[in-house]
Every structure is written in C-alpha cells, then in structure tokens.
file final-v1.cif (mmCIF, C-alpha atoms)
data_model
loop_
_atom_site.label_atom_id
_atom_site.label_comp_id
_atom_site.auth_asym_id
_atom_site.auth_seq_id
_atom_site.Cartn_x
_atom_site.Cartn_y
_atom_site.Cartn_z
CA MET A 837 -14.32 -19.30 -12.52
CA ILE A 838 -17.00 -16.73 -11.74
CA THR A 839 -17.99 -15.92 -8.18
CA THR A 840 -20.88 -13.50 -7.75
CA TYR A 841 -21.52 -11.38 -4.68
CA ILE A 842 -24.40 -9.12 -3.76
CA VAL A 843 -24.55 -6.25 -1.31
CA ARG A 844 -27.54 -6.45 1.02
CA ASN A 845 -28.02 -4.49 4.21
CA GLY A 846 -24.59 -2.97 3.61
CA LEU A 847 -22.80 -6.33 3.74
CA LEU A 848 -21.27 -8.40 0.98
CA THR A 849 -22.66 -11.92 0.63
CA THR A 850 -22.32 -14.66 -1.95
CA TYR A 851 -25.06 -14.59 -4.58
CA ASP A 852 -26.35 -17.98 -5.72
CA GLY A 853 -29.12 -16.77 -8.02
CA PRO A 854 -29.01 -16.76 -11.81
CA PRO A 855 -26.60 -14.18 -13.25
CA GLY A 856 -29.31 -12.63 -15.44
CA ALA A 857 -31.88 -12.25 -12.68
CA ILE A 858 -33.66 -8.89 -12.50
CA LEU A 859 -32.54 -7.15 -9.33
CA ALA A 860 -33.81 -4.15 -7.46
CA ALA A 861 -32.48 -0.80 -8.65
CA ASP A 862 -30.39 -0.28 -5.52
CA GLU A 863 -28.90 -3.78 -5.34
CA VAL A 864 -25.22 -4.09 -6.19
CA LEU A 865 -23.72 -7.15 -7.85
CA TRP A 866 -20.04 -8.04 -8.14
CA HIS A 867 -18.95 -10.71 -10.60
CA ASP A 868 -15.40 -11.75 -9.76
CA MET A 869 -13.85 -13.63 -12.68
CA GLN A 870 -10.61 -15.49 -11.93
CA ALA A 871 -9.01 -17.16 -14.97
CA PRO A 872 -12.38 -17.29 -16.76
CA THR A 873 -13.13 -19.69 -19.57
CA LEU A 874 -14.44 -18.54 -22.96
CA GLU A 875 -17.90 -19.78 -22.03
CA GLU A 876 -17.90 -17.71 -18.83
CA GLU A 877 -16.74 -14.63 -20.74
CA HIS A 878 -19.52 -15.01 -23.30
CA GLN A 879 -22.03 -15.44 -20.49
CA LEU A 880 -21.17 -12.08 -18.91
CA GLU A 881 -20.78 -10.37 -22.26
CA THR A 882 -24.37 -11.31 -23.06
CA LEU A 883 -25.54 -10.18 -19.63
CA LEU A 884 -23.82 -6.78 -19.65
CA GLY A 885 -23.89 -6.10 -23.35
CA VAL A 886 -20.14 -5.34 -23.42
CA GLU A 887 -17.06 -7.21 -24.58
CA ILE A 888 -14.83 -8.68 -21.87
CA PRO A 889 -11.17 -7.95 -22.70
CA THR A 890 -8.91 -10.93 -23.28
CA ARG A 891 -5.78 -11.57 -21.25
CA GLU A 892 -3.61 -10.26 -24.10
CA GLU A 893 -5.66 -7.06 -24.25
CA MET A 894 -5.37 -6.60 -20.49
CA GLU A 895 -1.57 -6.80 -20.70
CA GLU A 896 -1.25 -4.01 -23.27
CA ILE A 897 0.62 -1.01 -21.94
CA GLU A 898 -1.15 1.73 -23.91
CA VAL A 899 -3.32 3.88 -21.64
CA SER A 900 -6.05 3.94 -24.28
CA SER A 901 -6.22 0.14 -24.11
CA ARG A 902 -6.44 0.13 -20.32
CA LEU A 903 -8.77 3.05 -19.60
CA TYR A 904 -11.83 3.58 -21.79
CA THR A 905 -15.62 3.58 -21.90
CA GLU A 906 -17.76 1.37 -24.08
CA GLY A 907 -21.51 0.93 -24.17
CA GLY A 908 -21.95 3.06 -21.05
CA ALA A 909 -19.52 0.86 -19.08
CA PHE A 910 -16.15 1.88 -17.68
CA PHE A 911 -13.13 -0.36 -18.35
CA LEU A 912 -10.27 0.20 -15.92
CA THR A 913 -7.16 -1.98 -15.93
CA ALA A 914 -4.51 -1.74 -13.22
CA SER A 915 -1.53 -3.90 -12.30
CA VAL A 916 -1.88 -5.50 -8.87
CA VAL A 917 0.80 -7.26 -6.84
CA ALA A 918 0.26 -10.82 -5.58
CA ASN A 919 2.40 -13.28 -3.60
CA ALA A 920 4.39 -10.35 -2.28
CA HIS A 921 6.02 -12.32 0.55
CA SER A 922 7.11 -15.24 -1.61
CA GLU A 923 10.32 -15.65 -3.57
CA ALA A 924 8.42 -15.07 -6.82
CA PRO A 925 6.06 -12.08 -6.42
CA GLN A 926 3.60 -11.52 -9.25
CA LEU A 927 2.49 -8.35 -10.98
CA ALA A 928 -0.45 -8.91 -13.28
CA PRO A 929 -3.30 -6.80 -14.65
CA VAL A 930 -6.80 -6.71 -13.19
CA THR A 931 -9.63 -5.23 -15.24
CA PHE A 932 -12.56 -3.54 -13.50
CA ILE A 933 -15.72 -3.20 -15.60
CA LEU A 934 -18.33 -0.92 -14.06
CA SER A 935 -21.78 -0.92 -15.61
CA GLY A 936 -24.34 0.75 -13.38
CA ASN A 937 -24.60 -1.25 -10.18
CA ARG A 938 -22.83 -4.25 -11.68
CA LEU A 939 -19.07 -4.58 -11.24
CA VAL A 940 -17.01 -7.20 -13.04
CA THR A 941 -13.39 -7.92 -12.15
CA VAL A 942 -11.27 -9.98 -14.53
CA ARG A 943 -7.99 -11.37 -13.25
CA TYR A 944 -5.62 -14.28 -13.79
CA HIS A 945 -3.88 -14.28 -10.42
CA ALA A 946 -4.93 -14.10 -6.77
CA PRO A 947 -3.99 -10.85 -5.00
CA ARG A 948 -4.53 -11.06 -1.27
CA SER A 949 -6.32 -7.69 -1.36
CA PHE A 950 -9.36 -9.32 -2.98
CA ALA A 951 -9.68 -11.91 -0.22
CA THR A 952 -9.15 -9.22 2.39
CA PHE A 953 -11.86 -7.07 0.84
CA ARG A 954 -14.36 -9.94 0.80
CA GLN A 955 -13.71 -10.64 4.47
CA ARG A 956 -14.04 -6.99 5.48
CA ALA A 957 -17.13 -6.31 3.39
CA ALA A 958 -18.84 -9.41 4.77
CA LYS A 959 -18.35 -8.27 8.39
CA ALA A 960 -18.60 -4.49 8.28
CA ASP A 961 -20.52 -1.89 6.33
CA LEU A 962 -17.99 -0.22 4.02
CA GLY A 963 -20.47 2.29 2.67
CA ILE A 964 -21.24 0.29 -0.48
CA ARG A 965 -24.42 1.74 -1.92
CA SER A 966 -23.71 1.55 -5.64
CA GLY A 967 -21.35 0.04 -8.14
CA THR A 968 -19.22 3.15 -7.86
CA THR A 969 -18.81 2.90 -4.10
CA LEU A 970 -18.13 -0.83 -4.43
CA LEU A 971 -15.27 -0.07 -6.80
CA ILE A 972 -13.97 2.68 -4.52
CA ALA A 973 -13.99 0.26 -1.56
CA ILE A 974 -11.95 -2.26 -3.58
CA PHE A 975 -9.46 0.46 -4.54
CA GLU A 976 -9.14 1.41 -0.87
CA THR A 977 -8.36 -2.19 0.09
CA VAL A 978 -5.83 -2.60 -2.73
CA THR A 979 -4.13 0.64 -1.64
CA ASP A 980 -4.02 -0.53 1.99
CA ARG A 981 -2.49 -3.79 0.87
CA LEU A 982 0.19 -1.99 -1.13
CA ALA A 983 0.99 0.09 1.95
CA ASP A 984 1.44 -3.11 3.98
CA ILE A 985 3.71 -4.57 1.29
CA LEU A 986 5.79 -1.39 1.25
CA GLU A 987 6.15 -1.44 5.04
CA ALA A 988 7.28 -5.08 4.99
CA ALA A 989 9.72 -4.30 2.17
CA ALA A 990 11.14 -1.36 4.14
CA ARG A 991 11.77 -3.66 7.13
CA ARG A 992 13.62 -6.07 4.85
CA HIS A 993 15.71 -3.19 3.56
CA ASP A 994 16.63 -2.32 7.16
CA ASP A 995 17.71 -5.93 7.72
CA ILE A 996 19.90 -5.77 4.61
CA SER A 997 21.41 -2.50 5.84
CA ARG A 998 22.37 -4.07 9.16
CA ASP A 999 23.96 -7.03 7.39
CA VAL A 1000 25.93 -4.78 5.06
CA PHE A 1001 27.25 -2.47 7.79
CA VAL A 1002 28.00 -5.15 10.39
CA SER A 1003 30.36 -3.74 13.01
CA GLY A 1004 33.76 -5.21 13.77
CA ALA A 1005 35.89 -7.53 11.73
CA ARG A 1006 34.07 -9.83 9.37
CA SER A 1007 34.37 -13.56 9.78
CA PRO A 1008 34.86 -15.73 6.69
CA GLU A 1009 31.17 -16.67 6.82
CA GLN A 1010 30.15 -13.00 6.88
CA ARG A 1011 32.40 -12.28 3.91
CA ASN A 1012 30.74 -15.10 1.98
CA GLN A 1013 27.34 -13.61 2.82
CA LEU A 1014 28.06 -10.52 0.74
CA SER A 1015 27.10 -12.39 -2.44
CA GLN A 1016 23.87 -13.47 -0.75
CA ILE A 1017 23.22 -9.85 0.23
CA LEU A 1018 23.59 -8.84 -3.41
CA GLU A 1019 20.90 -11.39 -4.30
CA ARG A 1020 18.62 -9.99 -1.59
CA ILE A 1021 19.18 -6.47 -2.90
CA GLY A 1022 18.24 -7.65 -6.39
CA GLN A 1023 15.05 -9.20 -5.05
CA ALA A 1024 14.27 -6.02 -3.13
CA GLU A 1025 14.68 -3.89 -6.25
CA ASP A 1026 12.45 -6.26 -8.24
CA MET A 1027 9.74 -6.07 -5.55
CA ASN A 1028 10.01 -2.30 -5.28
CA ALA A 1029 9.76 -1.90 -9.07
CA LYS A 1030 6.58 -4.00 -9.10
CA ILE A 1031 5.09 -1.87 -6.31
CA LYS A 1032 5.92 1.35 -8.14
CA GLU A 1033 4.35 0.08 -11.36
CA SER A 1034 1.23 -1.00 -9.48
CA LEU A 1035 0.98 2.41 -7.79
CA ALA A 1036 1.42 4.21 -11.11
CA THR A 1037 -1.31 2.20 -12.85
CA LEU A 1038 -3.69 2.61 -9.92
CA ASP A 1039 -3.06 6.35 -9.89
CA ARG A 1040 -3.97 6.55 -13.59
CA VAL A 1041 -7.08 4.46 -12.97
CA ILE A 1042 -8.21 6.71 -10.12
CA GLY A 1043 -7.55 9.80 -12.20
CA PHE A 1044 -9.64 8.44 -15.06
CA PHE A 1045 -12.36 7.11 -12.77
CA SER A 1046 -12.69 10.43 -10.95
CA LEU A 1047 -13.92 11.96 -14.22
CA ALA A 1048 -16.82 9.52 -14.43
CA PRO A 1049 -20.18 11.31 -14.15
CA ASP A 1050 -21.30 9.13 -11.24
CA ALA A 1051 -18.04 9.79 -9.38
CA LYS A 1052 -17.74 13.43 -10.37
CA LYS A 1053 -21.29 14.43 -9.54
CA GLY A 1054 -21.90 11.98 -6.73
CA ALA A 1055 -22.19 12.59 -3.04
CA ALA A 1056 -19.53 14.58 -1.23
CA ASP A 1057 -18.32 11.58 0.78
CA ARG A 1058 -17.89 9.61 -2.44
CA ARG A 1059 -15.74 12.31 -4.00
CA SER A 1060 -13.83 12.63 -0.75
CA ARG A 1061 -13.04 8.91 -0.74
CA ILE A 1062 -11.73 9.09 -4.30
CA LYS A 1063 -9.51 12.05 -3.43
CA THR A 1064 -8.24 10.22 -0.34
CA VAL A 1065 -7.29 7.14 -2.38
CA ALA A 1066 -5.51 9.34 -4.94
CA ARG A 1067 -3.63 11.16 -2.18
CA ASP A 1068 -2.64 7.88 -0.52
CA LEU A 1069 -1.37 6.49 -3.82
CA ARG A 1070 0.82 9.53 -4.40
CA SER A 1071 2.25 9.42 -0.88
CA LEU A 1072 2.99 5.71 -1.30
CA ALA A 1073 4.67 6.46 -4.64
CA ASP A 1074 6.91 9.01 -2.89
CA TYR A 1075 7.75 6.43 -0.22
CA ALA A 1076 8.52 3.82 -2.89
CA ASN A 1077 10.85 6.30 -4.62
CA ALA A 1078 12.65 6.83 -1.31
CA GLN A 1079 13.05 3.07 -0.97
CA THR A 1080 14.49 2.98 -4.50
CA GLN A 1081 17.17 5.42 -3.43
CA LYS A 1082 17.90 3.33 -0.33
CA ILE A 1083 18.21 0.16 -2.40
CA THR A 1084 20.61 1.94 -4.77
CA PHE A 1085 22.67 3.09 -1.78
CA LEU A 1086 22.73 -0.44 -0.33
CA LEU A 1087 23.84 -1.82 -3.69
CA ASP A 1088 26.69 0.69 -3.92
CA ALA A 1089 27.65 0.06 -0.29
CA THR A 1090 27.67 -3.73 -0.77
CA LEU A 1091 29.81 -3.46 -3.88
CA GLY A 1092 32.13 -1.18 -1.90
CA MET A 1093 32.35 -3.78 0.87
CA VAL A 1094 33.15 -6.46 -1.70
CA ASN A 1095 35.96 -4.27 -3.05
CA ILE A 1096 37.28 -3.71 0.47
CA GLU A 1097 37.32 -7.44 1.13
CA GLN A 1098 39.08 -8.07 -2.17
CA ASN A 1099 41.61 -5.35 -1.37
CA GLY A 1100 42.23 -7.05 1.97
CA ILE A 1101 43.06 -10.29 0.19
CA ILE A 1102 45.35 -8.49 -2.22
CA LYS A 1103 46.98 -6.79 0.76
CA ILE A 1104 47.87 -10.19 2.20
CA PHE A 1105 49.65 -11.12 -1.03
CA SER A 1106 51.42 -7.76 -0.99
CA VAL A 1107 52.69 -8.42 2.54
CA ALA A 1108 53.86 -11.88 1.47
CA ALA A 1109 55.69 -10.32 -1.47
CA VAL A 1110 57.37 -7.75 0.79
CA VAL A 1111 58.46 -10.43 3.25
CA PHE A 1112 59.69 -13.07 0.83
CA LEU A 1113 61.08 -11.05 -2.07
CA PRO A 1114 64.37 -9.87 -0.38
CA PRO A 1115 65.18 -13.35 1.02
CA THR A 1116 64.46 -14.80 -2.40
CA LEU A 1117 66.92 -12.32 -3.94
CA ILE A 1118 69.64 -13.30 -1.45
CA ALA A 1119 68.96 -17.01 -2.01
CA SER A 1120 69.20 -16.43 -5.76
CA ILE A 1121 72.55 -14.69 -5.39
CA TYR A 1122 74.05 -17.49 -3.32
CA GLY A 1123 72.47 -20.10 -5.55
CA MET A 1124 74.51 -19.04 -8.57
CA ASN A 1125 76.98 -21.68 -9.73
CA PHE A 1126 80.17 -19.63 -9.97
CA ARG A 1127 83.52 -21.30 -9.22
CA PHE A 1128 84.87 -18.46 -7.10
CA MET A 1129 82.56 -17.10 -4.41
CA PRO A 1130 84.04 -15.49 -1.27
CA GLU A 1131 81.65 -17.21 1.13
CA LEU A 1132 81.85 -20.65 -0.52
CA ASP A 1133 84.65 -21.95 1.70
CA TRP A 1134 83.72 -19.85 4.72
CA GLN A 1135 82.65 -21.91 7.72
CA LEU A 1136 79.99 -19.37 8.75
CA GLY A 1137 78.78 -18.78 5.20
CA TYR A 1138 75.59 -20.82 5.55
CA PRO A 1139 74.43 -19.24 8.87
CA PHE A 1140 75.42 -15.83 7.50
CA ALA A 1141 73.17 -16.33 4.42
CA LEU A 1142 70.24 -17.52 6.56
CA GLY A 1143 70.56 -14.59 8.93
CA LEU A 1144 70.81 -12.17 6.04
CA GLN A 1145 67.60 -13.58 4.59
CA VAL A 1146 65.72 -13.20 7.88
CA LEU A 1147 67.03 -9.67 8.37
CA SER A 1148 66.10 -8.68 4.82
CA ALA A 1149 62.55 -9.91 5.44
CA VAL A 1150 62.03 -8.32 8.87
CA LEU A 1151 63.46 -4.87 8.18
CA PRO A 1152 61.24 -3.98 5.16
CA TYR A 1153 58.18 -5.31 7.00
CA LEU A 1154 58.87 -3.15 10.07
CA TYR A 1155 59.58 -0.11 7.93
CA PHE A 1156 56.37 -0.44 5.92
CA LYS A 1157 54.32 -1.07 9.05
CA ARG A 1158 55.77 2.04 10.71
CA LYS A 1159 54.77 4.08 7.68
CA GLY A 1160 51.25 2.66 7.86
CA TRP A 1161 51.43 1.05 4.45
CA LEU A 1162 50.47 -2.39 5.78
#
call {"tool": "encode", "arguments": {"input": "final-v1.cif", "output": "structure tokens"}}
result
Amino acid sequence: MITTYIVRNGLLTTYDGPPGAILAADEVLWHDMQAPTLEEEHQLETLLGVEIPTREEMEEIEVSSRLYTEGGAFFLTASVVANAHSEAPQLAPVTFILSGNRLVTVRYHAPRSFATFRQRAAKADLGIRSGTTLLIAIFETVTDRLADILEAAARRHDDISRDVFVSGARSPEQRNQLSQILERIGQAEDMNAKIKESLATLDRVIGFFSLAPDAKKGAADRRSRIKTVARDLRSLADYANAQTQKITFLLDATLGMVNIEQNGIIKIFSVAAVVFLPPTLIASIYGMNFRFMPELDWQLGYPFALGLQVLSAVLPYLYFKRKGWL
C-alpha cells in the first residue's frame, strides 16, 4: 500500500494526484509504502529512477547494505520498534529513500511514530521545507517515541523491583510469583535489547545522513536539528545501557530470592530431621527383637520410652535454636 503526502503551507496533507505529476520545485512529497506489492515497487522505481530494496535486502545487517547512495538518492535503513506495549513487540527495518524533495519510506510493520508524525505535521508547522527537513522531522518523532518507550520500560522495571524486594514475610502466593517475575524480567530484557538496537541503527543513519551535501551545507537550523537528534540518540543509548544494568541486577536479585525461598524449605526438612531423628533412634533400639531386654518386663518401660523420645526431640531443638542454627 502506498500513501502519498504533500507539504503545503508548512502542513502535511494527503496527496491524491498522480504519482508522476510535475510539482513545483519547492513542493515536498512523501511516499509511505507499507508492505508494498511488486507492482507498487515498480511504479515508484520508474518514478524515481532508483531500485527499491526488497524486504530481504532491508534485513541485511551489513552497514554497506543499509547506508548507501545510488543515482543521487540516499538509502538509509534503520530498525524501528513497533507494538512496544504489547506482549510481542516488533523490531523491523524501515528504509528511507531521499531523492531531492521526494522521500520514500518502505516498511513492513506499523510503528506508532509514523502515525504520530502524520498527526503532528498535519496540525503544526514542523519546519518542513525540503525532503531533507522532512526526513529530519521523521527522525525527531521516531527519537521522541523511543524516549517514551524507554520511560515506560523504566517504570515497569521499578514495578518489578518493588515486587522482588517486597518487605516482610512472603505469603505462598508471593513465593509463587517469583517465577512470574522471572518471565517479566525476560520480557524487559527483550524489550530493552530491541530499543538499544533501534537506537544504534538510528545513530548510524544520522551519522551517515549528516555527511549528505544537503545536510552538511544546509542552513544552520537544519544542521542544528541533526546534531540535536544525534545527541538525543546517544543520551537515550546511555539510559538504555543503565536499564540493562538494572535488569541484570533484578535478575540476580530474583534468583537470589528463589534460592532463599528454597533454602527456607530445606531448613524446614532440616528441623524435622533434628526433631525426629533421636526419637527414631530410641524407637529403633526398643524395637529390636532380643529375648533379654532390661525394660521388657518393667511396668514403666513403655512410658519411660515415650518420655525419652520426647526429651530427645526437645533438647536438640532447644540447643540448636539457642545457637541460632534454626
């Protein structure tokens, strides 16, 4: 599907004219391709005179396959996060093709940043005066969206931290929740890894794009916006690295809590062994089938054996408890 937008009077509006129409020199067109068909790809390839990369080519990890120029057009591919607040967040490539005042985006998923950008650009003037400034404005929105995702992820990490370090004795339900907390930590690490990869690819894209003649020799505010985006991406990368360390700490702490709970269960069995082992020894002695036993014909033999068993259970327990071993 191809949706075309045009910038007029500083605002982004849907363009319903023919794709190959001759526009004014200062008019900016944005062709947004979401899961395009082969026919749609050929249509834009004929219009721009460049080859639209396939989905397989977009997913290649080599920098030379993601950042290059061809036929006077810039090809920039970055990984963008989508469905960040769902149970199955996506990280998929988006290719930006800049040819003069025409921008083409090729994607096979639906990041919320694109919808957010369309809404903002339709209501407010974002300083879009060329294809370069249009691309910069999209990068700014994608960066803002990543910052929002990171903030939401950090709040979830705080919730996990409170659940891990719950004060007081744990109820059986809270002990069972430790396995669920481990699952949440795994999801948090997966989300954070996707954010870090997206930030890294965007940082490479901005670095490559800043060397473009139009961006390098453009107006001062344009260069300033590029530098601001690059600085924001690096600060977000530092924040994501800090969250990685926190997730690692939470994982270690949760595993430590699991070990403590398991040690508590083992401690119960140890106490049972301390209490019942001496009486079991006494019962074993008096359960032997020898003909001559001094207490066999004694009238108080049975109460004496029972009392000895109780005493042998209580005394070791009190001694161990006084030593702090239980």
call {"tool": "closest_residue", "arguments": {"input": "final-v1.cif", "among": "A:Trp866, A:Tyr1122, A:Tyr1075, A:Phe910", "to": "Ile933 (chain A)", "atoms": "all atoms listed in the file"}}
result
A:Phe910
call {"tool": "resolve_selection", "arguments": {"input": "final-v1.cif", "expression": "the PyMOL selection byres ((chain A and resi 1001) around 10)", "output": "ChimeraX atom specification"}}
result
/A:996-1000,1002-1004,1086,1089-1090,1093
call {"tool": "residues_around", "arguments": {"input": "final-v1.cif", "residues": "Ala871 (chain A)", "least_positions_apart": "3", "cutoff": "7 Å", "atoms": "all atoms listed in the file", "output": "tab-separated table (two decimals) with C-alpha atoms, keeping the file's coordinate frame"}}
result
chain	number	residue	atom	x	y	z
A	837	MET	CA	-14.32	-19.30	-12.52
A	943	ARG	CA	-7.99	-11.37	-13.25
A	944	TYR	CA	-5.62	-14.28	-13.79
call {"tool": "atom_distance", "arguments": {"input": "final-v1.cif", "atom1": "CA of Val886 (chain A)", "atom2": "CA of Ser949 (chain A)"}}
result
26.1 Å
call {"tool": "resolve_selection", "arguments": {"input": "final-v1.cif", "expression": "the PyMOL selection byres ((chain A and resi 1033-1041) around 8)", "output": "number ranges by chain"}}
result
A: 903, 912-917, 927, 1029-1032, 1042-1045, 1066, 1069-1070, 1072-1073
call {"tool": "atom_distance", "arguments": {"input": "final-v1.cif", "atom1": "CA of Phe1156 (chain A)", "atom2": "CA of Ser1106 (chain A)"}}
result
11.2 Å
call {"tool": "atom_distance", "arguments": {"input": "final-v1.cif", "atom1": "CA of Ala957 (chain A)", "atom2": "CA of Ser1060 (chain A)"}}
result
19.7 Å
